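Below is one structure, written out as structure tokens; comments come after it.
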Amino acid sequence: MPIDIAVVPVAGHGTRLLPATKSQPKEMLPVGRKPVVQYIVDELSHSGVKRLLFITGPGKTSIENHFDLNPELIALLRETGKEEQLQELAFERQQMEYFYTRQRRQLGLGHAVLCAEPFVGSQPFVVALGDSILGVNTKSNVVERMVAEFERTNADVVIAFEEVPREEVVHYGIALPREPVGDIFELQDVIEKPSVAEAPSNLAVAARYVFSPSIFAALAKTEPGKGGEIQLTDAIRRVLREGGKGIGFKLSHEERRFDIGNFESYYQSFVEFALADPDYGPKLKQFVRGLLDNS
Ligand code: UTP
């Protein structure tokens, strides 16, 4: 059976984006015209995902509302002659079944993925982080290609990676490839936040994964690490250590990751997406140029 289930964890507190995230999920912050999580759902739909499980938590109901059908709003747009706005709601009708489960305590990304086990059972599945977009207004099909590689190589774990400047490896899980790196490579290990000197590469984990169900057993055995959180990377390392096959997948420049988890990259992402807006981008460019010239 083709892999058509994706798990999207959106239960985190988003403390690095306070106060913006005090009463709204960071996954619902707009980047250009759409909330972050809508880009992710559009991308997954484009990659052949048919069933999507959100791992939600307190204060995240606006995500559920966003993906519901809203007949009253549609009727209102029709009645008030705003038919042209209807296409903005077309995403409501895309071929996707939505499911929701709660992570009752925010014990980390690994724990959030483990919450998917009763739903996913014993089949392979995709994980896409709810706060990371791939590519500017491109619907990346990287997940589809990762799934194909997962099946072709009979892998246990396929992870997307992106190249980061050497001095930034300290912020990420970094790939230790088994052999010299092409765009797809065999993964020996993932080193969490190494020093610049010790980093085995400059390839950082980039928010998309394909897992065999063996990840659940590894997560169940993973002790909480820093901050009492169960780290997904620790479970991935366990799978690899126990002989599981790992594949790394290098993102192209067009598919680079936009991380909406901190203000620096949120601001950068918003500006880049807004500048790429076909209607408003050109004027915004002039506006920003003017601001910069006068600063
Ligand atoms: P982060 O690692 O950025 O964690 O989450 P966070 O808790 O949301 O943010 P900070 O560090 O407090 O600012 C990456 C993704 O994993 C989800 C988040 O919602 C985000 O989409 N996540 C994280 C969970 O679902 N549960 C968790 O316990 C932690």
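Scheme for the structure tokens: letters A, B, ... for chains in order shown; per-chain residue numbers from 1; ligand numbers from 1 in order shown.
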
Counting only C-alpha atoms and all ligand atoms, which residues of chain A fall within 10 Å of ligand 1, and what is the closest atom pair for each with its distance in Å at one decimal, ordered by chain and rising number, as CSV?
```
residue,atom,partner,partner_atom_place_in_ligand_line,distance
A:Val7,CA,ligand 1,25 (O),9.9
A:Val8,CA,ligand 1,21 (O),7.3
A:Pro9,CA,ligand 1,25 (O),3.9
A:Val10,CA,ligand 1,19 (O),3.3
A:Ala11,CA,ligand 1,25 (O),3.4
A:Gly12,CA,ligand 1,8 (O),3.3
A:His13,CA,ligand 1,7 (O),4.3
A:Gly14,CA,ligand 1,9 (O),3.6
A:Thr15,CA,ligand 1,12 (O),3.7
A:Arg16,CA,ligand 1,13 (O),3.6
A:Leu17,CA,ligand 1,13 (O),6.1
A:Leu18,CA,ligand 1,13 (O),8.1
A:Thr21,CA,ligand 1,13 (O),9.1
A:Pro25,CA,ligand 1,19 (O),8.0
A:Lys26,CA,ligand 1,19 (O),7.6
A:Glu27,CA,ligand 1,21 (O),6.5
A:Val36,CA,ligand 1,21 (O),9.8
A:Val37,CA,ligand 1,21 (O),8.8
A:Phe54,CA,ligand 1,25 (O),8.5
A:Ile55,CA,ligand 1,25 (O),5.8
A:Thr56,CA,ligand 1,25 (O),6.4
A:Gly57,CA,ligand 1,25 (O),7.5
A:Lys60,CA,ligand 1,19 (O),9.4
A:Arg102,CA,ligand 1,25 (O),9.1
A:Gln103,CA,ligand 1,26 (N),6.9
A:Arg104,CA,ligand 1,28 (O),9.1
A:Arg105,CA,ligand 1,28 (O),7.0
A:Gln106,CA,ligand 1,28 (O),3.6
A:Leu107,CA,ligand 1,28 (O),4.4
A:Gly108,CA,ligand 1,28 (O),3.2
A:Leu109,CA,ligand 1,29 (C),4.3
A:Gly110,CA,ligand 1,28 (O),7.6
A:His111,CA,ligand 1,28 (O),6.5
A:Ala112,CA,ligand 1,26 (N),4.8
A:Val113,CA,ligand 1,25 (O),7.7
A:Cys115,CA,ligand 1,25 (O),9.5
A:Ala128,CA,ligand 1,21 (O),8.4
A:Leu129,CA,ligand 1,21 (O),4.9
A:Gly130,CA,ligand 1,21 (O),3.8
A:Asp131,CA,ligand 1,21 (O),4.4
A:Ser132,CA,ligand 1,21 (O),7.4
A:Ala207,CA,ligand 1,14 (C),8.2
A:Glu229,CA,ligand 1,28 (O),7.2
A:Ile230,CA,ligand 1,28 (O),8.2
A:Gln231,CA,ligand 1,29 (C),9.1
A:Leu232,CA,ligand 1,16 (O),9.9
A:Asp259,CA,ligand 1,3 (O),8.6
A:Ile260,CA,ligand 1,3 (O),8.2
A:Gly261,CA,ligand 1,3 (O),5.2
A:Asn262,CA,ligand 1,13 (O),6.8
A:Phe263,CA,ligand 1,13 (O),9.8
```

Taking N, CA and C atoms for each residue, export the selection above as a compact mmCIF listing (two decimals), in the first residue's frame.
```
# COMPACT_ATOMS: atom_id res chain seq x y z
N VAL A 7 1.94 12.76 9.73
CA VAL A 7 1.74 13.25 11.09
C VAL A 7 2.35 14.66 11.15
N VAL A 8 1.55 15.62 11.60
CA VAL A 8 2.04 16.99 11.68
C VAL A 8 1.94 17.47 13.13
N PRO A 9 3.07 17.49 13.85
CA PRO A 9 3.03 17.94 15.25
C PRO A 9 2.89 19.46 15.32
N VAL A 10 1.89 19.91 16.05
CA VAL A 10 1.65 21.36 16.20
C VAL A 10 1.36 21.70 17.67
N ALA A 11 1.83 20.86 18.59
CA ALA A 11 1.43 21.03 19.99
C ALA A 11 2.41 21.86 20.83
N GLY A 12 3.52 22.28 20.23
CA GLY A 12 4.55 22.97 21.02
C GLY A 12 4.07 24.32 21.55
N HIS A 13 4.75 24.81 22.60
CA HIS A 13 4.35 26.09 23.22
C HIS A 13 4.76 27.30 22.38
N GLY A 14 5.77 27.14 21.56
CA GLY A 14 6.23 28.28 20.75
C GLY A 14 6.75 29.43 21.59
N THR A 15 7.48 29.11 22.65
CA THR A 15 7.91 30.17 23.59
C THR A 15 8.87 31.17 22.97
N ARG A 16 9.57 30.74 21.92
CA ARG A 16 10.53 31.68 21.31
C ARG A 16 9.83 32.78 20.54
N LEU A 17 8.53 32.63 20.33
CA LEU A 17 7.79 33.66 19.59
C LEU A 17 6.81 34.42 20.48
N LEU A 18 6.99 34.34 21.79
CA LEU A 18 6.15 35.14 22.69
C LEU A 18 6.48 36.62 22.50
N THR A 21 2.71 34.34 20.35
CA THR A 21 2.11 33.01 20.47
C THR A 21 1.43 32.77 21.81
N PRO A 25 -1.57 29.83 17.96
CA PRO A 25 -0.47 28.90 17.64
C PRO A 25 0.51 29.54 16.68
N LYS A 26 1.81 29.22 16.87
CA LYS A 26 2.78 29.77 15.91
C LYS A 26 2.51 29.20 14.52
N GLU A 27 1.92 28.00 14.47
CA GLU A 27 1.64 27.36 13.18
C GLU A 27 0.56 28.12 12.40
N VAL A 36 1.14 29.50 8.28
CA VAL A 36 2.23 28.54 8.06
C VAL A 36 1.71 27.15 7.74
N VAL A 37 0.78 26.68 8.56
CA VAL A 37 0.38 25.27 8.47
C VAL A 37 -0.37 24.98 7.16
N PHE A 54 -2.99 15.67 12.88
CA PHE A 54 -2.35 16.74 13.63
C PHE A 54 -2.20 16.30 15.08
N ILE A 55 -1.01 16.51 15.63
CA ILE A 55 -0.82 16.32 17.07
C ILE A 55 -0.99 17.70 17.69
N THR A 56 -2.12 17.92 18.32
CA THR A 56 -2.42 19.27 18.81
C THR A 56 -2.28 19.34 20.33
N GLY A 57 -2.52 20.51 20.85
CA GLY A 57 -2.42 20.71 22.30
C GLY A 57 -3.26 21.91 22.69
N LYS A 60 -4.83 25.30 20.44
CA LYS A 60 -4.55 25.06 19.02
C LYS A 60 -5.81 24.84 18.18
N ARG A 102 -4.58 14.78 20.82
CA ARG A 102 -3.95 15.76 21.73
C ARG A 102 -2.70 15.17 22.35
N GLN A 103 -1.66 15.96 22.37
CA GLN A 103 -0.50 15.65 23.20
C GLN A 103 -0.79 16.33 24.54
N ARG A 104 -1.08 15.56 25.55
CA ARG A 104 -1.64 16.16 26.76
C ARG A 104 -0.60 16.91 27.58
N ARG A 105 0.67 16.49 27.43
CA ARG A 105 1.76 17.26 28.06
C ARG A 105 2.83 17.47 27.00
N GLN A 106 3.38 18.67 26.94
CA GLN A 106 4.33 18.99 25.88
C GLN A 106 5.71 18.47 26.27
N LEU A 107 5.92 17.18 25.99
CA LEU A 107 7.16 16.52 26.40
C LEU A 107 8.12 16.36 25.23
N GLY A 108 7.98 17.24 24.25
CA GLY A 108 8.96 17.26 23.16
C GLY A 108 8.44 16.65 21.87
N LEU A 109 9.21 16.91 20.79
CA LEU A 109 8.82 16.46 19.46
C LEU A 109 8.72 14.93 19.38
N GLY A 110 9.69 14.25 20.01
CA GLY A 110 9.66 12.79 19.98
C GLY A 110 8.39 12.25 20.62
N HIS A 111 8.02 12.84 21.74
CA HIS A 111 6.80 12.43 22.44
C HIS A 111 5.57 12.72 21.57
N ALA A 112 5.60 13.87 20.87
CA ALA A 112 4.47 14.21 19.99
C ALA A 112 4.31 13.14 18.90
N VAL A 113 5.43 12.70 18.33
CA VAL A 113 5.34 11.66 17.27
C VAL A 113 4.83 10.35 17.87
N CYS A 115 2.70 10.02 20.13
CA CYS A 115 1.24 10.13 20.30
C CYS A 115 0.50 9.64 19.04
N ALA A 128 5.91 15.80 9.16
CA ALA A 128 6.25 17.14 8.65
C ALA A 128 6.03 18.12 9.80
N LEU A 129 7.07 18.86 10.17
CA LEU A 129 6.92 19.79 11.30
C LEU A 129 5.99 20.94 10.93
N GLY A 130 5.11 21.25 11.89
CA GLY A 130 4.06 22.23 11.62
C GLY A 130 4.54 23.67 11.58
N ASP A 131 5.84 23.90 11.82
CA ASP A 131 6.32 25.28 11.83
C ASP A 131 7.39 25.52 10.78
N SER A 132 7.46 24.67 9.75
CA SER A 132 8.51 24.83 8.74
C SER A 132 7.95 24.65 7.33
N ALA A 207 13.08 19.17 8.90
CA ALA A 207 11.63 19.23 9.15
C ALA A 207 10.74 18.24 8.38
N GLU A 229 12.43 16.65 27.80
CA GLU A 229 11.76 16.36 26.53
C GLU A 229 12.30 15.08 25.90
N ILE A 230 11.41 14.35 25.23
CA ILE A 230 11.83 13.16 24.47
C ILE A 230 12.20 13.63 23.06
N GLN A 231 13.47 13.47 22.73
CA GLN A 231 13.99 14.02 21.47
C GLN A 231 13.82 13.01 20.34
N LEU A 232 13.27 13.48 19.24
CA LEU A 232 13.11 12.62 18.07
C LEU A 232 14.48 12.15 17.57
N ASP A 259 12.01 28.35 8.60
CA ASP A 259 11.71 27.95 9.98
C ASP A 259 10.95 29.09 10.66
N ILE A 260 9.71 28.82 11.06
CA ILE A 260 8.90 29.87 11.67
C ILE A 260 8.95 29.73 13.20
N GLY A 261 10.06 29.25 13.72
CA GLY A 261 10.17 28.99 15.15
C GLY A 261 10.83 30.09 15.95
N ASN A 262 11.45 31.07 15.27
CA ASN A 262 12.08 32.18 16.00
C ASN A 262 11.89 33.46 15.17
N PHE A 263 12.03 34.61 15.85
CA PHE A 263 11.70 35.86 15.16
C PHE A 263 12.63 36.16 13.99
```

Test item, strand (DSSP E or B) assignment across stretch 136-192 of chain A, answer as JSON, numbers by chain: {"A": [157, 158, 159, 160, 161, 162, 163, 173, 174, 175, 176, 177, 184, 185, 186, 187, 188, 189, 190, 191, 192]}

Among stretch 7-37 of chain A, which ones does DSSP assign to helix (DSSP H, G or I) (computed from the backbone)? Answer as a list of chain:residue names.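 Taking stretch 7-37 of chain A and keeping helix (DSSP H, G or I) gives A:Thr15, A:Arg16, A:Leu17, A:Lys26, A:Glu27, A:Met28, A:Val36, A:Val37.
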
Selection from above, all heavy atoms, as a PDB file, in the first residue's frame, can you write it?
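Listing of out_37.pdb after writing:
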```pdb
ATOM      1  N   THR A  15       7.483  29.114  22.652  1.00  0.00           N
ATOM      2  CA  THR A  15       7.906  30.166  23.595  1.00  0.00           C
ATOM      3  C   THR A  15       8.870  31.174  22.966  1.00  0.00           C
ATOM      4  O   THR A  15       8.926  32.316  23.408  1.00  0.00           O
ATOM      5  CB  THR A  15       8.592  29.556  24.836  1.00  0.00           C
ATOM      6  OG1 THR A  15       9.626  28.679  24.376  1.00  0.00           O
ATOM      7  CG2 THR A  15       7.628  28.780  25.693  1.00  0.00           C
ATOM      8  N   ARG A  16       9.574  30.736  21.918  1.00  0.00           N
ATOM      9  CA  ARG A  16      10.530  31.675  21.311  1.00  0.00           C
ATOM     10  C   ARG A  16       9.828  32.778  20.536  1.00  0.00           C
ATOM     11  O   ARG A  16      10.460  33.749  20.146  1.00  0.00           O
ATOM     12  CB  ARG A  16      11.520  30.922  20.402  1.00  0.00           C
ATOM     13  CG  ARG A  16      12.568  30.131  21.198  1.00  0.00           C
ATOM     14  CD  ARG A  16      13.344  29.201  20.303  1.00  0.00           C
ATOM     15  NE  ARG A  16      12.473  28.179  19.741  1.00  0.00           N
ATOM     16  CZ  ARG A  16      12.719  27.526  18.604  1.00  0.00           C
ATOM     17  NH1 ARG A  16      13.818  27.789  17.926  1.00  0.00           N
ATOM     18  NH2 ARG A  16      11.882  26.611  18.164  1.00  0.00           N
ATOM     19  N   LEU A  17       8.527  32.634  20.331  1.00  0.00           N
ATOM     20  CA  LEU A  17       7.794  33.664  19.586  1.00  0.00           C
ATOM     21  C   LEU A  17       6.807  34.418  20.478  1.00  0.00           C
ATOM     22  O   LEU A  17       5.878  35.055  19.976  1.00  0.00           O
ATOM     23  CB  LEU A  17       7.062  33.042  18.400  1.00  0.00           C
ATOM     24  CG  LEU A  17       7.980  32.561  17.264  1.00  0.00           C
ATOM     25  CD1 LEU A  17       7.182  31.799  16.215  1.00  0.00           C
ATOM     26  CD2 LEU A  17       8.683  33.736  16.595  1.00  0.00           C
ATOM     27  N   LYS A  26       1.808  29.224  16.868  1.00  0.00           N
ATOM     28  CA  LYS A  26       2.784  29.766  15.907  1.00  0.00           C
ATOM     29  C   LYS A  26       2.511  29.204  14.518  1.00  0.00           C
ATOM     30  O   LYS A  26       2.794  29.837  13.508  1.00  0.00           O
ATOM     31  CB  LYS A  26       4.220  29.461  16.340  1.00  0.00           C
ATOM     32  CG  LYS A  26       4.641  28.019  16.255  1.00  0.00           C
ATOM     33  CD  LYS A  26       6.140  27.870  16.530  1.00  0.00           C
ATOM     34  CE  LYS A  26       6.470  26.457  16.958  1.00  0.00           C
ATOM     35  NZ  LYS A  26       7.862  26.241  17.258  1.00  0.00           N
ATOM     36  N   GLU A  27       1.916  28.001  14.473  1.00  0.00           N
ATOM     37  CA  GLU A  27       1.635  27.361  13.175  1.00  0.00           C
ATOM     38  C   GLU A  27       0.557  28.116  12.397  1.00  0.00           C
ATOM     39  O   GLU A  27       0.341  27.852  11.230  1.00  0.00           O
ATOM     40  CB  GLU A  27       1.214  25.903  13.390  1.00  0.00           C
ATOM     41  CG  GLU A  27       2.293  25.016  14.003  1.00  0.00           C
ATOM     42  CD  GLU A  27       2.404  25.109  15.516  1.00  0.00           C
ATOM     43  OE1 GLU A  27       1.581  25.829  16.139  1.00  0.00           O
ATOM     44  OE2 GLU A  27       3.296  24.475  16.104  1.00  0.00           O
ATOM     45  N   MET A  28      -0.161  29.044  13.072  1.00  0.00           N
ATOM     46  CA  MET A  28      -1.187  29.836  12.378  1.00  0.00           C
ATOM     47  C   MET A  28      -0.697  31.247  12.065  1.00  0.00           C
ATOM     48  O   MET A  28      -1.471  32.059  11.542  1.00  0.00           O
ATOM     49  CB  MET A  28      -2.462  29.902  13.238  1.00  0.00           C
ATOM     50  CG  MET A  28      -3.287  28.631  13.227  1.00  0.00           C
ATOM     51  SD  MET A  28      -3.875  28.185  11.585  1.00  0.00           S
ATOM     52  CE  MET A  28      -5.096  29.470  11.326  1.00  0.00           C
ATOM     53  N   VAL A  36       1.141  29.500   8.279  1.00  0.00           N
ATOM     54  CA  VAL A  36       2.231  28.543   8.058  1.00  0.00           C
ATOM     55  C   VAL A  36       1.715  27.152   7.739  1.00  0.00           C
ATOM     56  O   VAL A  36       2.128  26.507   6.767  1.00  0.00           O
ATOM     57  CB  VAL A  36       3.107  28.432   9.344  1.00  0.00           C
ATOM     58  CG1 VAL A  36       4.213  27.421   9.150  1.00  0.00           C
ATOM     59  CG2 VAL A  36       3.655  29.773   9.744  1.00  0.00           C
ATOM     60  N   VAL A  37       0.782  26.678   8.562  1.00  0.00           N
ATOM     61  CA  VAL A  37       0.377  25.274   8.469  1.00  0.00           C
ATOM     62  C   VAL A  37      -0.366  24.983   7.159  1.00  0.00           C
ATOM     63  O   VAL A  37      -0.364  23.854   6.675  1.00  0.00           O
ATOM     64  CB  VAL A  37      -0.416  24.869   9.731  1.00  0.00           C
ATOM     65  CG1 VAL A  37      -1.789  25.519   9.761  1.00  0.00           C
ATOM     66  CG2 VAL A  37      -0.489  23.386   9.901  1.00  0.00           C
TER      67      VAL A  37
END
```

Just the residues within 10 Å of stretch 284-294 of chain A, please, counting only C-alpha atoms, with nothing from its chain fewer than 2 positions along; format it as a PyMOL selection string. chain A and resi 271+274-277+279-282

What does the structure give for the distance between atom CA of A:Phe185 and atom CA of A:Ile5, in Å to one decimal?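 Calculated distance between atom CA of A:Phe185 and atom CA of A:Ile5 is 24.1 Å.
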
Give me the residues near A:Asp156 as a list in words, where near means some atom within 9 Å (using only C-alpha atoms) and where sequence neighbours in that chain fewer than 6 positions away do not count. Pro124, Phe150, Val210, Phe211, Ser212, Pro213, Ser214, Ile215, Val239, Leu240, Gly244, Lys245, Gly246 and Ile247 of chain A

Do a neighbour search on A:Glu88 at 10 Å with only C-alpha atoms, toss out local chain neighbours closer than 5 positions, and write the hits as a count of residues only. 3

Would you please work out which residue, of A:Lys82, A:Arg145, A:His253, A:Arg152, is nearest to A:Ser47 when using only C-alpha atoms? A:Arg145

Å distance separating atom CA of A:His46 from atom CA of A:Asn141, one decimal place: 6.4 Å

Residue with the minimum atom-to-atom distance to A:Glu254, picked from A:Gln188, A:Thr153, A:Asn137, A:Thr222 with only C-alpha atoms counted, is A:Asn137

Would you give me, as CSV, each residue of stretch 67-147 of chain A having an atom within 10 Å of an atom of stretch 159-172 of chain A, along with its shortest atom pair and that distance in Å to one decimal, using only C-alpha atoms and sorting by chain and residue number?
```
residue,atom,partner,partner_atom,distance
A:Val126,CA,A:Ile159,CA,10.0
A:Val127,CA,A:Ile159,CA,9.6
A:Val142,CA,A:Ala160,CA,8.3
A:Val143,CA,A:Ala160,CA,8.6
A:Met146,CA,A:Ile159,CA,7.8
```

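Each of A:Leu53, A:Gln123, A:Ala6, A:Ile133 was compared to A:Thr101 using only C-alpha atoms, and A:Leu53 turns out to be the nearest.
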
Surrounding residues of A:Gln38 excluding itself and chain neighbours under 3 positions, 9 Å, only C-alpha atoms, as a list in words: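 Everything that qualifies: Glu27, Met28, Lys34, Pro35, Val41, Asp42, Glu43, His66, Phe67 and Phe91 of chain A.
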
Could you write out the selected residues, including N, CA and C atoms, as a PDB file, in the first residue's frame?
```
ATOM      1  N   GLU A  27       1.916  28.001  14.473  1.00  0.00           N
ATOM      2  CA  GLU A  27       1.635  27.361  13.175  1.00  0.00           C
ATOM      3  C   GLU A  27       0.557  28.116  12.397  1.00  0.00           C
ATOM      4  N   MET A  28      -0.161  29.044  13.072  1.00  0.00           N
ATOM      5  CA  MET A  28      -1.187  29.836  12.378  1.00  0.00           C
ATOM      6  C   MET A  28      -0.697  31.247  12.065  1.00  0.00           C
ATOM      7  N   LYS A  34      -0.811  33.293   3.646  1.00  0.00           N
ATOM      8  CA  LYS A  34      -1.396  32.088   4.273  1.00  0.00           C
ATOM      9  C   LYS A  34      -0.768  31.814   5.634  1.00  0.00           C
ATOM     10  N   PRO A  35      -1.522  31.150   6.518  1.00  0.00           N
ATOM     11  CA  PRO A  35      -0.880  30.710   7.750  1.00  0.00           C
ATOM     12  C   PRO A  35       0.119  29.578   7.455  1.00  0.00           C
ATOM     13  N   VAL A  41       0.162  21.750   4.628  1.00  0.00           N
ATOM     14  CA  VAL A  41      -0.902  20.858   4.156  1.00  0.00           C
ATOM     15  C   VAL A  41      -0.953  20.858   2.627  1.00  0.00           C
ATOM     16  N   ASP A  42      -0.818  22.026   2.014  1.00  0.00           N
ATOM     17  CA  ASP A  42      -0.810  22.096   0.533  1.00  0.00           C
ATOM     18  C   ASP A  42       0.336  21.243  -0.014  1.00  0.00           C
ATOM     19  N   GLU A  43       1.503  21.384   0.612  1.00  0.00           N
ATOM     20  CA  GLU A  43       2.674  20.621   0.140  1.00  0.00           C
ATOM     21  C   GLU A  43       2.436  19.118   0.279  1.00  0.00           C
ATOM     22  N   HIS A  66      -9.458  26.131  10.891  1.00  0.00           N
ATOM     23  CA  HIS A  66      -8.946  26.577   9.589  1.00  0.00           C
ATOM     24  C   HIS A  66      -9.191  25.526   8.511  1.00  0.00           C
ATOM     25  N   PHE A  67      -9.109  24.258   8.873  1.00  0.00           N
ATOM     26  CA  PHE A  67      -9.252  23.204   7.849  1.00  0.00           C
ATOM     27  C   PHE A  67     -10.671  22.646   7.758  1.00  0.00           C
ATOM     28  N   PHE A  91      -8.741  25.607  -0.770  1.00  0.00           N
ATOM     29  CA  PHE A  91      -7.952  24.603  -0.029  1.00  0.00           C
ATOM     30  C   PHE A  91      -8.838  23.758   0.892  1.00  0.00           C
TER      31      PHE A  91
END
```

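Straight-line separation from atom CA of A:Leu69 to atom CA of A:Pro2: 27.1 Å.
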
Polymer residues at most 6 Å from A:Val49, only C-alpha atoms, same-chain spacing of 3 or more positions, as a PyMOL selection string: chain A and resi 4-5+44-45

Output file for the selection above: all heavy atoms, as a PDB file, in the first residue's frame:
```
ATOM      1  N   ASP A   4       0.483   7.011   2.619  1.00  0.00           N
ATOM      2  CA  ASP A   4      -0.353   8.205   2.419  1.00  0.00           C
ATOM      3  C   ASP A   4      -0.755   8.876   3.731  1.00  0.00           C
ATOM      4  O   ASP A   4      -1.638   9.715   3.764  1.00  0.00           O
ATOM      5  CB  ASP A   4      -1.597   7.854   1.587  1.00  0.00           C
ATOM      6  CG  ASP A   4      -2.556   6.943   2.341  1.00  0.00           C
ATOM      7  OD1 ASP A   4      -2.207   6.486   3.449  1.00  0.00           O
ATOM      8  OD2 ASP A   4      -3.664   6.692   1.832  1.00  0.00           O
ATOM      9  N   ILE A   5      -0.071   8.498   4.835  1.00  0.00           N
ATOM     10  CA  ILE A   5      -0.367   9.122   6.133  1.00  0.00           C
ATOM     11  C   ILE A   5       0.753  10.083   6.516  1.00  0.00           C
ATOM     12  O   ILE A   5       1.930   9.712   6.453  1.00  0.00           O
ATOM     13  CB  ILE A   5      -0.453   8.070   7.255  1.00  0.00           C
ATOM     14  CG1 ILE A   5      -1.654   7.159   7.037  1.00  0.00           C
ATOM     15  CG2 ILE A   5      -0.544   8.723   8.624  1.00  0.00           C
ATOM     16  CD1 ILE A   5      -1.857   6.189   8.176  1.00  0.00           C
ATOM     17  N   LEU A  44       1.901  18.697   1.404  1.00  0.00           N
ATOM     18  CA  LEU A  44       1.690  17.257   1.629  1.00  0.00           C
ATOM     19  C   LEU A  44       0.648  16.712   0.656  1.00  0.00           C
ATOM     20  O   LEU A  44       0.799  15.609   0.119  1.00  0.00           O
ATOM     21  CB  LEU A  44       1.273  16.997   3.081  1.00  0.00           C
ATOM     22  CG  LEU A  44       2.364  17.281   4.125  1.00  0.00           C
ATOM     23  CD1 LEU A  44       1.797  17.157   5.538  1.00  0.00           C
ATOM     24  CD2 LEU A  44       3.556  16.335   3.956  1.00  0.00           C
ATOM     25  N   SER A  45      -0.382  17.495   0.407  1.00  0.00           N
ATOM     26  CA  SER A  45      -1.409  17.078  -0.544  1.00  0.00           C
ATOM     27  C   SER A  45      -0.777  16.888  -1.927  1.00  0.00           C
ATOM     28  O   SER A  45      -1.036  15.897  -2.620  1.00  0.00           O
ATOM     29  CB  SER A  45      -2.507  18.144  -0.561  1.00  0.00           C
ATOM     30  OG  SER A  45      -3.375  17.915  -1.600  1.00  0.00           O
TER      31      SER A  45
END
```
